[in-house]
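Here's coords_27.cif, which has mmCIF, C-alpha atoms and all ligand atoms:
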data_start
loop_
_atom_site.label_atom_id
_atom_site.label_comp_id
_atom_site.auth_asym_id
_atom_site.auth_seq_id
_atom_site.Cartn_x
_atom_site.Cartn_y
_atom_site.Cartn_z
CA MET A 1 0.00 0.00 0.00
CA THR A 2 2.67 2.46 1.08
CA ALA A 3 4.90 1.35 -1.74
CA ARG A 4 2.12 1.85 -4.27
CA LEU A 5 1.43 5.35 -2.93
CA LEU A 6 5.11 6.19 -3.11
CA ARG A 7 5.40 4.83 -6.62
CA GLY A 8 2.32 6.78 -7.62
CA ALA A 9 3.58 10.04 -6.15
CA GLY A 10 5.80 10.90 -9.10
CA GLY A 11 2.91 10.44 -11.52
CA ALA A 12 0.47 12.41 -9.38
CA ALA A 13 2.77 15.40 -9.08
CA ALA A 14 2.58 16.26 -12.78
CA PRO A 15 -1.15 17.10 -12.86
CA VAL A 16 -0.75 19.09 -9.63
CA ARG A 17 2.11 21.06 -11.17
CA ALA A 18 0.05 21.67 -14.31
CA ALA A 19 -2.90 22.88 -12.24
CA ALA A 20 -0.64 25.21 -10.28
CA ALA A 21 0.79 26.59 -13.51
CA LEU A 22 -2.72 27.17 -14.88
CA LEU A 23 -3.75 28.92 -11.69
CA ALA A 24 -0.70 31.16 -11.85
CA LEU A 25 -1.56 32.02 -15.45
CA ALA A 26 -5.18 32.75 -14.57
CA LEU A 27 -4.10 35.06 -11.76
CA ALA A 28 -1.52 36.86 -13.88
CA ALA A 29 -3.61 37.39 -17.02
CA PRO A 30 -6.39 39.97 -16.86
CA ALA A 31 -9.83 38.45 -17.43
CA PRO A 32 -10.91 39.28 -21.02
CA ALA A 33 -14.12 40.90 -19.73
CA SER A 34 -12.17 43.47 -17.74
CA ALA A 35 -9.59 44.36 -20.41
CA ALA A 36 -10.24 48.06 -20.88
CA ASP A 37 -11.20 49.07 -24.41
CA PRO A 38 -11.01 52.82 -25.17
CA ALA A 39 -13.00 52.44 -28.41
CA ALA A 40 -15.86 50.79 -26.51
CA GLY A 41 -15.44 53.53 -23.91
CA ARG A 42 -15.97 56.22 -26.55
CA GLU A 43 -19.27 54.57 -27.52
CA LYS A 44 -20.35 54.29 -23.90
CA ALA A 45 -19.40 57.93 -23.30
CA ARG A 46 -22.47 58.98 -25.31
CA LYS A 47 -24.27 58.66 -21.98
CA CYS A 48 -21.88 61.16 -20.45
CA LYS A 49 -21.51 63.72 -23.19
CA VAL A 50 -24.33 66.10 -22.24
CA CYS A 51 -22.42 66.92 -19.11
CA HIS A 52 -18.77 65.86 -19.61
CA GLY A 53 -18.50 66.04 -23.41
CA ILE A 54 -17.41 63.10 -25.56
CA ASP A 55 -13.95 64.70 -25.45
CA GLY A 56 -14.00 64.97 -21.66
CA ILE A 57 -14.34 68.75 -21.62
CA ALA A 58 -17.34 69.56 -19.43
CA ARG A 59 -20.40 71.12 -21.05
CA ILE A 60 -22.09 72.26 -17.86
CA PRO A 61 -20.40 74.36 -15.19
CA ILE A 62 -21.05 71.98 -12.29
CA ALA A 63 -19.50 68.95 -14.05
CA PRO A 64 -15.75 68.34 -13.96
CA HIS A 65 -13.57 67.81 -17.02
CA LEU A 66 -12.64 64.13 -17.38
CA ALA A 67 -10.13 64.41 -20.24
CA GLY A 68 -6.67 63.28 -19.25
CA GLU A 69 -7.68 62.18 -15.75
CA SER A 70 -5.86 59.02 -14.73
CA ALA A 71 -7.78 55.80 -15.34
CA ILE A 72 -7.30 54.73 -11.74
CA TYR A 73 -8.88 57.97 -10.47
CA LEU A 74 -11.83 57.75 -12.87
CA GLU A 75 -12.46 54.12 -11.96
CA THR A 76 -12.23 54.78 -8.25
CA GLN A 77 -14.70 57.67 -8.45
CA LEU A 78 -17.19 55.81 -10.65
CA LYS A 79 -17.11 52.81 -8.30
CA ALA A 80 -17.53 55.14 -5.32
CA PHE A 81 -20.65 56.69 -6.93
CA ARG A 82 -21.95 53.20 -7.73
CA SER A 83 -21.47 51.88 -4.20
CA GLY A 84 -22.85 55.01 -2.55
CA LYS A 85 -19.52 55.90 -0.91
CA ARG A 86 -19.60 59.12 -2.95
CA GLU A 87 -22.97 60.67 -3.60
CA HIS A 88 -24.27 63.12 -6.15
CA GLU A 89 -27.82 63.45 -7.44
CA MET A 90 -26.77 62.99 -11.08
CA MET A 91 -23.72 60.73 -10.86
CA SER A 92 -25.21 58.28 -8.37
CA VAL A 93 -27.97 57.56 -10.89
CA VAL A 94 -25.56 57.36 -13.86
CA ALA A 95 -23.06 55.07 -12.07
CA ARG A 96 -25.70 52.65 -10.82
CA GLY A 97 -26.16 51.37 -14.37
CA LEU A 98 -22.45 50.78 -15.09
CA SER A 99 -20.74 47.36 -14.99
CA ASP A 100 -17.06 46.94 -14.06
CA GLU A 101 -16.36 46.55 -17.77
CA ASP A 102 -18.22 49.79 -18.62
CA ILE A 103 -16.23 51.62 -15.96
CA ALA A 104 -12.91 50.23 -17.21
CA ASP A 105 -13.79 51.16 -20.82
CA LEU A 106 -14.96 54.68 -19.91
CA ALA A 107 -11.84 55.24 -17.80
CA ALA A 108 -9.68 53.99 -20.70
CA TRP A 109 -11.36 56.43 -23.09
CA TYR A 110 -11.28 59.55 -20.96
CA SER A 111 -7.77 58.92 -19.62
CA ALA A 112 -6.43 58.48 -23.18
CA ILE A 113 -7.48 62.00 -24.20
CA ARG A 114 -4.45 64.27 -24.24
CA ILE A 115 -4.80 67.72 -22.78
CA GLU A 116 -2.58 70.76 -22.44
CA ALA A 117 -2.60 73.29 -19.65
CA HIS A 118 -1.97 76.96 -20.34
CA PRO A 119 -1.69 78.78 -17.05
CA PRO A 120 -2.32 82.53 -17.34
CA ASP A 121 0.60 84.92 -17.47
CA LEU A 122 0.21 86.83 -14.27
CA ALA A 123 1.64 90.33 -14.21
CA GLN A 124 4.70 90.45 -11.97
CA LYS A 125 4.44 92.92 -9.15
C1 LIG B 1 -26.49 64.91 -16.08
C2 LIG B 1 -25.09 65.25 -16.07
C3 LIG B 1 -24.06 64.13 -15.97
C4 LIG B 1 -23.98 62.99 -16.73
C5 LIG B 1 -24.93 62.49 -17.82
C6 LIG B 1 -22.79 62.30 -16.28
N1 LIG B 1 -22.16 63.02 -15.31
FE1 LIG B 1 -20.42 62.54 -14.36
N2 LIG B 1 -20.61 64.14 -13.15
C7 LIG B 1 -21.62 65.08 -13.24
C8 LIG B 1 -21.45 66.07 -12.18
C9 LIG B 1 -22.34 67.26 -11.92
C10 LIG B 1 -20.31 65.67 -11.45
C11 LIG B 1 -19.71 66.34 -10.21
C12 LIG B 1 -20.18 65.56 -8.99
C13 LIG B 1 -19.86 66.25 -7.69
O1 LIG B 1 -19.96 67.48 -7.63
O2 LIG B 1 -19.52 65.52 -6.74
C14 LIG B 1 -19.80 64.47 -12.10
C15 LIG B 1 -18.68 63.77 -11.68
C16 LIG B 1 -18.12 62.71 -12.36
C17 LIG B 1 -16.88 62.08 -12.03
C18 LIG B 1 -15.96 62.45 -10.89
C19 LIG B 1 -14.88 63.34 -11.46
C20 LIG B 1 -14.01 63.97 -10.42
O3 LIG B 1 -13.23 64.87 -10.80
O4 LIG B 1 -14.04 63.59 -9.23
C21 LIG B 1 -16.69 61.09 -12.94
C22 LIG B 1 -15.50 60.16 -13.01
C23 LIG B 1 -17.81 61.11 -13.84
N3 LIG B 1 -18.67 62.12 -13.46
C24 LIG B 1 -17.95 60.26 -14.91
C25 LIG B 1 -19.09 60.20 -15.70
C26 LIG B 1 -19.29 59.21 -16.73
C27 LIG B 1 -18.26 58.18 -17.14
C28 LIG B 1 -20.53 59.43 -17.24
C29 LIG B 1 -21.24 58.64 -18.30
C30 LIG B 1 -21.37 57.21 -18.10
C31 LIG B 1 -21.10 60.56 -16.55
N4 LIG B 1 -20.19 60.98 -15.61
C32 LIG B 1 -22.33 61.11 -16.81
C33 LIG B 1 -22.63 65.12 -14.17
C34 LIG B 1 -22.92 64.13 -15.07
#
As structure tokens, what does this structure read like?
Amino acid sequence: MTARLLRGAGGAAAPVRAAAALLALALAAPAPASAADPAAGREKARKCKVCHGIDGIARIPIAPHLAGESAIYLETQLKAFRSGKREHEMMSVVARGLSDEDIADLAAWYSAIRIEAHPPDLAQK
């Protein structure tokens, strides 16, 4: 019995190693559903454009510009609106309907927009 178990051990280790390798791969590779797609994000941003613009430049004074914001910041804020951690009468409603994939795509789109800052020349005193 013991001898058979010992003899079998070498053979049994291979599938275990293969499973461990697969698990490592699964953990390392992003799930396809959450791979952010900026083109899909641009489509989804139609829902946002009345207020934030499709180009991320706000169209109403109370909405912030989203263009060039980091993806991590955009995702964190959208998830905070969705969970109720951050509240706003408009954004809480908008974010409630977004999946993780929508959020990743929208963040990929808005963060990919390049912006330039032109601070005013202030007269030297
Ligand atoms: C009806 C107008 C409106 C629409 C539509 C809208 N937003 Fe907003 N959004 C706002 C306003 C207003 C704020 C500012 C909230 C506050 O004052 O806390 C905001 C805030 C945000 C913020 C936080 C930005 C920051 O600087 O903290 C993100 C991110 C955001 N919106 C993303 C989106 C996305 C993505 C969509 C589309 C899926 C969307 N919004 C649709 C009005 C809107």
From the options A:Ala95, A:Ala35, A:Ala67, A:Ala40, which residue's atoms come nearest to Arg114 (chain A), counting all atoms listed in the file?
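Checking each candidate against Arg114 (chain A), we get A:Ala67 as the closest.
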Near-ligand residues for ligand LIG 1 (chain B), threshold 6 Å, only C-alpha atoms and all ligand atoms, as a PDB file with C-alpha atoms, keeping the file's coordinate frame:
ATOM      1  CA  ALA A  45     -19.400  57.930 -23.300  1.00  0.00           C
ATOM      2  CA  LYS A  47     -24.270  58.660 -21.980  1.00  0.00           C
ATOM      3  CA  CYS A  48     -21.880  61.160 -20.450  1.00  0.00           C
ATOM      4  CA  VAL A  50     -24.330  66.100 -22.240  1.00  0.00           C
ATOM      5  CA  CYS A  51     -22.420  66.920 -19.110  1.00  0.00           C
ATOM      6  CA  ILE A  62     -21.050  71.980 -12.290  1.00  0.00           C
ATOM      7  CA  ALA A  63     -19.500  68.950 -14.050  1.00  0.00           C
ATOM      8  CA  PRO A  64     -15.750  68.340 -13.960  1.00  0.00           C
ATOM      9  CA  LEU A  74     -11.830  57.750 -12.870  1.00  0.00           C
ATOM     10  CA  GLN A  77     -14.700  57.670  -8.450  1.00  0.00           C
ATOM     11  CA  LEU A  78     -17.190  55.810 -10.650  1.00  0.00           C
ATOM     12  CA  HIS A  88     -24.270  63.120  -6.150  1.00  0.00           C
ATOM     13  CA  MET A  90     -26.770  62.990 -11.080  1.00  0.00           C
ATOM     14  CA  MET A  91     -23.720  60.730 -10.860  1.00  0.00           C
ATOM     15  CA  VAL A  94     -25.560  57.360 -13.860  1.00  0.00           C
ATOM     16  CA  LEU A 106     -14.960  54.680 -19.910  1.00  0.00           C
TER      17      LEU A 106
END
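With CA of Ile113 (chain A) on one side and CA of His65 (chain A) on the other, the separation reads 11.1 Å.
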By how many Å are CA of Lys79 (chain A) and CA of Ala39 (chain A) apart?
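Value for the CA of Lys79 (chain A)-CA of Ala39 (chain A) distance: 20.5 Å.
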Separation of CA of Tyr73 (chain A) from CA of Lys85 (chain A) in Å
14.5 Å
